[in-house]
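Structure, as structure tokens:
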Amino acid sequence: MNFDFNEKQLMVIKNAKEYTEKYLAPGVIERDETSTYPIDAYRKLGELGFVGLPYSSEYGGSDAGYLEYVLAVEEIAKVDASMAISYSVATSLYAGPIAGFGTEEQKKKYLPPVLSGKSLGAFNLTEPNAGSDAAGVITRAEKKGDRYILNGLKCFSTNGPLADYFFVVASTNPELKTKGLSGFIVEKAFPGVSIGKIENKMGIRSAQVSEVIFDNVEVPAENLILEEGKGFMLAMKTLDSGRMGVAAQGLGIAEGAFEIAKNYLKTREQFGKPLYKNQYLAFKMAELEMQIEQAKLLLYKAACDKDTGKPYTISAAKAKYACTNAAMDVTTAAVQMLGGNGYMREYHVERMMRDAKITQIYEGTNEIQKLVISGGLFR
Amino acid sequence: MIRSNMRIIVCIKQVPDTNEFKIDLETGIMIREGLPCVMNPDDKNALEEALRLKDEYNAEVIALTMGPLQAKDVLKEAMAMGADEVILINDLSFAGSDSLATAAILAAAIERIGHYDMILCGMQAMDGNTGQTGPQLAELLNIPQITYLKELNIIDNTVTATKWTESEKYTFKLNMPVLLTVNNELNDPRIPTMMGVMKAYDEAGEKKIKVWGANDLDIDIEQVGIKGSVTNIYESCLTHINRVSTIIEGEDEKEMAKSLAMKLSELNLI
Ligand SMILES: Cc1cc2nc3c(=O)[nH]c(=O)nc-3n(C[C@H](O)[C@H](O)[C@H](O)COP(=O)(O)OP(=O)(O)OC[C@H]3O[C@@H](n4cnc5c(N)ncnc54)[C@H](O)[C@@H]3O)c2cc1C
């Protein structure tokens with residue numbers, strides 16, 4: 001067993017850090033306040049090859065693996081959790097099903113624009129009546145000759161308002177319930193695709209999340225991924241990988257807040273000594289440090305499982321659970337440790353606390369992660 | 001019109017990363033062990049300028065470093081950023097070279113490379129801060145040099161180079177080959193692409209690094225290394241600068257300006 005990063009991984013971390021300091025740290029508070037998305041920073045992320053990290057250079061990727069990708073998301077989330085999820089949705093949730101299951105033509109056509117940063121990609125599974133239970137999907141794809149006619153409303157689509165491409169799960173046969181779901185690649189440019197309500201969120205406010213509406217959209221049959229009926233499997237497999245992106249986002253948030261708290265405890269003095277000299281606070285930090293490290297090891301393990309071809313559904317669920325709980329626990333503690341300052345925007349931790357909450361909810365709530373993990377136990 | 005096949009050599013140095021370095025109190029030389037190493041910041045600007053010329057004019061960029069085997073790291077970084085060819089000059093007899101001896105070694109390596117149009121160096125290295133290697137190299141190669149480059153344009157075989165001093169701006173026209181030294185005011189070094197990183201830090205990247213020793217160069221080893229170095233460190237010590245701040249108070253700006261002027265003249269500063 002080896003716990004060391006190789007040179008490539010160290011360079012991914014170093015350069016992701018440099019990218020983050022240069023393109024994301026400036027204005028991060030203002031973007032949260034005004035809910036603005038830094039599209040130029042995303043373009044740069046693509047140009048530098050981060051979006052394509054785990055994919056083949058044949059399709060505009062960087063020929064690295066999931067561990068490298070997770071390390072990049074983690075670095076970014078230390079500063080800007082909104083970009084971290086936008087990035088993760090493009091890489092894991094949009095590109096994932098195409099790279100993993102698409103035809104050569106689908107990969108050649110639909111991966112390069114997103115991996116290069118020219119376009120954003122989104123993932124549309126959730127509907128008003130289909131959240132944790134994806135079987136509730138009622139968006140309909142009806143076959144007519146060499147095309148499918150798509151009708152329905154998807155909600156909570158991260159990157160939705162900005163995306164040029166969507167991975168959409170729709171029903172080709174409602175009688176078969178989940179076995180009747182199918183996965184499609186849909187272009188924003190197809191007539192009948194529109195953006196509905198843009199959400200006003202508690203956290204990750206710079207990320208753009210919206211409804212996406214399909215009104216008699218003609219989708220060429222060649223945009224179906226695999227066969228009809230594979231949509232549920234595609235969505236679940238995609239989320240298994242996506243959860244590592246969310247886990248990395250949570251881990252990064254936790255680490256970012258931890259660093260801020262640590263520096264604060266060293267410099268802030270009360271009762272004639274720095275705060276960290278109170279054992280209560282120092283021990284609390286020791287606990288959080290352990291929680292972060294435990295979460296980190298679970299995440300890197302899950303990424304290594306995927307990179308080495310092992311099953312990773314369960315390990316990704318564990319990683320998502322541990323990392324996102326670390327995000328919530330550490331940020332909440334950090335706000336408390338910074339006292340009144342912690343409650344103020346300019347100290348960052350209040351934003352991180354708001355950002356942390358969503359990581360426990362999307363891509364399968366943490367209750368659903370327990371469902372996955374316990375399902376593995378009692379199969 | 002830009003001449004094709006322009007070749008640029010960039011001299012880069014691996015330096016310890018931090019300002020919290022320690023000094024060996026007996027020799028007065030910095031203790032390098034255990035310090036993380038990076039590409040010297042000014043050298044990164046030199047490399048960036050070369051790569052900009054590569055993007056613009058399709059120039060060929062060769063990165064050259066003298067140092068221990070560990071200095072391969074900065075060559076890999078240079079490759080990841082876009083250098084076409086990288087060369088490590090490494091020989092036990094080169095250890096301890098001062099800036100002049102280093103310039104002599106670099107000159108010998110550049111002679112071996114043969115044809116070149118431009119040499120770019122960082123203005124100074126973060127560890128020694130002498131700022132001498134570049135100028136000495138130009139002298140040894142007998143080519144013109146412009147230090148502290150602020151702007152660079154190339155037309156045909158002519159380089160238009162601008163430098164500023166504190167009060168003046170100079171613009172020079174020179175024929176290539178030339179040597180230019182730069183610092184961080186010239187440009188903003190690029191972040192390498194991940195594809196560049198994956199290739200440079202691969203086995204194939206490792207194999208691309210050429211390693212030249214004393215035997216590969218036309219050089220007298222008596223002239224290099226500690227023996228060949230003309231610089232001897234007589235003494236080195238740590239100094240402490242204690243800043244004392246004084247706040248000038250007064251009724252209005254005029255009065256405050258007056259007492260500031262008095263203070264400065266008391267200190268013989270004006
Ligand atoms: C900001 C944001 C971005 C999002 N981005 C995307 C996106 O890009 N694409 C996309 O498709 N979706 C996206 N989602 C949707 C997200 O994945 C769902 O909101 C999430 O899966 C939960 O579904 P729900 O909101 O319907 O909650 P519900 O399923 O209604 O759950 C409500 C509560 O009940 C619990 N619960 C439900 N079922 C069980 C059970 N069997 N056992 C125990 N507890 C249970 C849940 O854990 C939760 O606490 C996003 C959501 C948000 C808020």
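The way I read the labels, and the way they are meant: chains A, B, ... in the order of the structure tokens, residue 1 as the first residue of every chain, and ligand 1 as the first ligand shown, with later ones counted on from there.
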Problem set entry | Interface residues on chain B facing chain A, 7 Å, only C-alpha atoms, written as a VMD selection string | chain B and resid 191 to 195 197 to 198 201
Counting only C-alpha atoms and all ligand atoms, give me one row per residue of chain A with an atom at most 7 Å from an atom of ligand 1, showing the shortest contact pair and its distance in Å to one decimal, sorted by chain then residue number, as JSON lines.
{"residue": "A:Val89", "atom": "CA", "partner": "ligand 1", "partner_atom_place_in_ligand_line": "8 (O)", "distance": 6.6}
{"residue": "A:Ala122", "atom": "CA", "partner": "ligand 1", "partner_atom_place_in_ligand_line": "8 (O)", "distance": 6.2}
{"residue": "A:Phe123", "atom": "CA", "partner": "ligand 1", "partner_atom_place_in_ligand_line": "9 (N)", "distance": 4.8}
{"residue": "A:Asn124", "atom": "CA", "partner": "ligand 1", "partner_atom_place_in_ligand_line": "11 (O)", "distance": 4.2}
{"residue": "A:Leu125", "atom": "CA", "partner": "ligand 1", "partner_atom_place_in_ligand_line": "11 (O)", "distance": 3.5}
{"residue": "A:Thr126", "atom": "CA", "partner": "ligand 1", "partner_atom_place_in_ligand_line": "11 (O)", "distance": 3.8}
{"residue": "A:Pro128", "atom": "CA", "partner": "ligand 1", "partner_atom_place_in_ligand_line": "26 (O)", "distance": 6.9}
{"residue": "A:Asn129", "atom": "CA", "partner": "ligand 1", "partner_atom_place_in_ligand_line": "26 (O)", "distance": 6.8}
{"residue": "A:Ala130", "atom": "CA", "partner": "ligand 1", "partner_atom_place_in_ligand_line": "26 (O)", "distance": 5.9}
{"residue": "A:Gly131", "atom": "CA", "partner": "ligand 1", "partner_atom_place_in_ligand_line": "26 (O)", "distance": 3.1}
{"residue": "A:Ser132", "atom": "CA", "partner": "ligand 1", "partner_atom_place_in_ligand_line": "29 (O)", "distance": 3.6}
{"residue": "A:Asp133", "atom": "CA", "partner": "ligand 1", "partner_atom_place_in_ligand_line": "29 (O)", "distance": 6.0}
{"residue": "A:Cys155", "atom": "CA", "partner": "ligand 1", "partner_atom_place_in_ligand_line": "12 (N)", "distance": 6.8}
{"residue": "A:Phe156", "atom": "CA", "partner": "ligand 1", "partner_atom_place_in_ligand_line": "50 (C)", "distance": 4.5}
{"residue": "A:Ser157", "atom": "CA", "partner": "ligand 1", "partner_atom_place_in_ligand_line": "8 (O)", "distance": 3.9}
{"residue": "A:Thr158", "atom": "CA", "partner": "ligand 1", "partner_atom_place_in_ligand_line": "8 (O)", "distance": 3.7}
{"residue": "A:Asn159", "atom": "CA", "partner": "ligand 1", "partner_atom_place_in_ligand_line": "8 (O)", "distance": 6.9}
{"residue": "A:Lys201", "atom": "CA", "partner": "ligand 1", "partner_atom_place_in_ligand_line": "1 (C)", "distance": 6.8}
{"residue": "A:Val209", "atom": "CA", "partner": "ligand 1", "partner_atom_place_in_ligand_line": "3 (C)", "distance": 6.0}
{"residue": "A:Ile358", "atom": "CA", "partner": "ligand 1", "partner_atom_place_in_ligand_line": "1 (C)", "distance": 6.3}
{"residue": "A:Ile361", "atom": "CA", "partner": "ligand 1", "partner_atom_place_in_ligand_line": "20 (C)", "distance": 5.5}
{"residue": "A:Tyr362", "atom": "CA", "partner": "ligand 1", "partner_atom_place_in_ligand_line": "17 (O)", "distance": 3.7}
{"residue": "A:Glu363", "atom": "CA", "partner": "ligand 1", "partner_atom_place_in_ligand_line": "17 (O)", "distance": 4.3}
{"residue": "A:Gly364", "atom": "CA", "partner": "ligand 1", "partner_atom_place_in_ligand_line": "21 (O)", "distance": 4.4}
{"residue": "A:Thr365", "atom": "CA", "partner": "ligand 1", "partner_atom_place_in_ligand_line": "47 (O)", "distance": 4.7}
{"residue": "A:Asn366", "atom": "CA", "partner": "ligand 1", "partner_atom_place_in_ligand_line": "47 (O)", "distance": 6.2}
{"residue": "A:Glu367", "atom": "CA", "partner": "ligand 1", "partner_atom_place_in_ligand_line": "47 (O)", "distance": 4.5}
{"residue": "A:Ile368", "atom": "CA", "partner": "ligand 1", "partner_atom_place_in_ligand_line": "47 (O)", "distance": 5.9}
{"residue": "A:Leu371", "atom": "CA", "partner": "ligand 1", "partner_atom_place_in_ligand_line": "42 (N)", "distance": 7.0}
Those selected residues, please, written with N, CA and C atoms and delivered as a CSV table (one decimal), in the first residue's frame.
chain,number,residue,atom,x,y,z
A,89,VAL,N,-20.1,18.8,-12.5
A,89,VAL,CA,-21.2,18.4,-13.3
A,89,VAL,C,-20.8,18.2,-14.8
A,122,ALA,N,-24.6,19.8,-18.9
A,122,ALA,CA,-25.5,19.7,-17.7
A,122,ALA,C,-26.1,18.3,-17.7
A,123,PHE,N,-26.7,17.9,-16.6
A,123,PHE,CA,-27.3,16.6,-16.4
A,123,PHE,C,-28.7,16.7,-15.9
A,124,ASN,N,-29.6,16.2,-16.6
A,124,ASN,CA,-31.0,16.4,-16.3
A,124,ASN,C,-31.7,15.1,-15.9
A,125,LEU,N,-31.8,14.8,-14.6
A,125,LEU,CA,-32.5,13.6,-14.2
A,125,LEU,C,-33.7,14.1,-13.4
A,126,THR,N,-33.5,15.0,-12.4
A,126,THR,CA,-34.5,15.4,-11.4
A,126,THR,C,-35.7,16.1,-12.1
A,128,PRO,N,-39.9,17.6,-10.8
A,128,PRO,CA,-40.6,18.0,-9.5
A,128,PRO,C,-41.1,16.7,-8.8
A,129,ASN,N,-41.4,15.6,-9.5
A,129,ASN,CA,-41.9,14.4,-8.7
A,129,ASN,C,-40.9,13.3,-8.8
A,130,ALA,N,-39.7,13.6,-9.2
A,130,ALA,CA,-38.7,12.5,-9.2
A,130,ALA,C,-37.4,13.1,-8.7
A,131,GLY,N,-37.2,12.9,-7.4
A,131,GLY,CA,-35.9,13.4,-6.7
A,131,GLY,C,-35.1,12.2,-6.3
A,132,SER,N,-35.2,11.8,-5.0
A,132,SER,CA,-34.5,10.6,-4.6
A,132,SER,C,-35.0,9.4,-5.4
A,133,ASP,N,-36.2,9.4,-5.7
A,133,ASP,CA,-36.8,8.3,-6.4
A,133,ASP,C,-36.9,8.6,-7.9
A,155,CYS,N,-36.0,19.8,-13.4
A,155,CYS,CA,-35.7,20.9,-12.4
A,155,CYS,C,-34.3,20.7,-11.8
A,156,PHE,N,-33.9,21.8,-11.2
A,156,PHE,CA,-32.6,21.8,-10.5
A,156,PHE,C,-31.4,21.4,-11.4
A,157,SER,N,-31.4,21.9,-12.6
A,157,SER,CA,-30.3,21.5,-13.5
A,157,SER,C,-29.1,22.5,-13.3
A,158,THR,N,-28.0,21.9,-12.7
A,158,THR,CA,-26.8,22.7,-12.4
A,158,THR,C,-26.2,22.9,-13.8
A,159,ASN,N,-25.7,24.2,-14.0
A,159,ASN,CA,-25.2,24.6,-15.3
A,159,ASN,C,-26.3,24.9,-16.4
A,201,LYS,N,-30.7,30.5,-4.5
A,201,LYS,CA,-30.3,29.4,-3.6
A,201,LYS,C,-29.7,29.9,-2.3
A,209,VAL,N,-28.4,27.3,-11.5
A,209,VAL,CA,-29.2,26.1,-11.4
A,209,VAL,C,-30.6,26.5,-11.9
A,358,ILE,N,-25.5,22.0,0.6
A,358,ILE,CA,-26.0,21.4,-0.6
A,358,ILE,C,-25.3,20.1,-0.8
A,361,ILE,N,-27.0,17.1,0.1
A,361,ILE,CA,-28.3,16.9,-0.6
A,361,ILE,C,-28.2,16.3,-2.0
A,362,TYR,N,-27.4,17.0,-2.8
A,362,TYR,CA,-27.5,16.6,-4.3
A,362,TYR,C,-26.7,15.3,-4.6
A,363,GLU,N,-27.0,14.8,-5.8
A,363,GLU,CA,-26.4,13.6,-6.3
A,363,GLU,C,-26.6,12.4,-5.3
A,364,GLY,N,-27.8,12.4,-4.8
A,364,GLY,CA,-28.2,11.4,-3.8
A,364,GLY,C,-28.0,12.0,-2.4
A,365,THR,N,-29.1,12.3,-1.6
A,365,THR,CA,-28.9,12.8,-0.3
A,365,THR,C,-28.1,11.8,0.5
A,366,ASN,N,-27.6,12.3,1.7
A,366,ASN,CA,-26.8,11.4,2.5
A,366,ASN,C,-27.6,10.2,3.1
A,367,GLU,N,-29.0,10.4,3.1
A,367,GLU,CA,-29.8,9.3,3.5
A,367,GLU,C,-29.7,8.2,2.4
A,368,ILE,N,-29.8,8.7,1.2
A,368,ILE,CA,-29.7,7.8,0.0
A,368,ILE,C,-28.3,7.1,0.0
A,371,LEU,N,-28.6,4.3,2.1
A,371,LEU,CA,-29.4,3.2,1.4
A,371,LEU,C,-28.5,2.4,0.5
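The space between CA of Glu60 (chain B) and CA of Tyr148 (chain B) spans 22.8 Å.
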Problem set entry | Polymer residues at most 8 Å from Pro189 (chain B), only C-alpha atoms, same-chain spacing of 4 or more positions, as a ChimeraX atom specification | /B:44-45,47-48
Exercise. CA of Ile154 (chain B) to CA of Glu56 (chain B): how many Å, to one decimal?
Worked result: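 One can read the CA of Ile154 (chain B) to CA of Glu56 (chain B) distance as 10.5 Å.
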For this session: Apply DSSP to the structure's backbone, then extract all residues of region 21-224 of chain A labelled alpha helix (DSSP H) and return them as a VMD selection string.
Result: chain A and resid 28 to 34 39 to 47 66 to 77 81 to 88 95 to 101 104 to 110 112 to 115
Problem set entry | Minimum-distance residue to Glu228 (chain A), chosen among A:Ala84, A:Leu111, A:Leu176, A:Ile260 (using only C-alpha atoms) |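 Using only C-alpha atoms, the shortest distance to Glu228 (chain A) belongs to A:Leu176.
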Exercise. If we count only C-alpha atoms, what is near Gly245 (chain A) at a cut-off of 12 Å, once residues fewer than 4 positions away on the same chain are taken out, given as a PyMOL selection string?
Worked result: chain A and resi 51+54+66-77+81+83-93+96+238-241+249-252+299-300+302-303+316-317+319-320+323-324+359+362-363
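CA of Met352 (chain A) is found 10.1 Å from CA of Ser82 (chain A).
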For this session: Excluding Met66 (chain B) and any residue of its chain fewer than 4 positions from it, enumerate the residues within 9 Å of it, using only C-alpha atoms, and give them as number ranges by chain.
Result: B: 11-14, 71, 87-91, 94, 102, 105-106
For this session: Compile the contact shell of Ile113 (chain B) as a PyMOL selection string: residues with an atom at most 12 Å away, counting only C-alpha atoms, same-chain residues fewer than 2 positions apart removed.
Result: chain B and resi 7-9+62-64+85-87+106-111+115-117+119+210+212+216-218
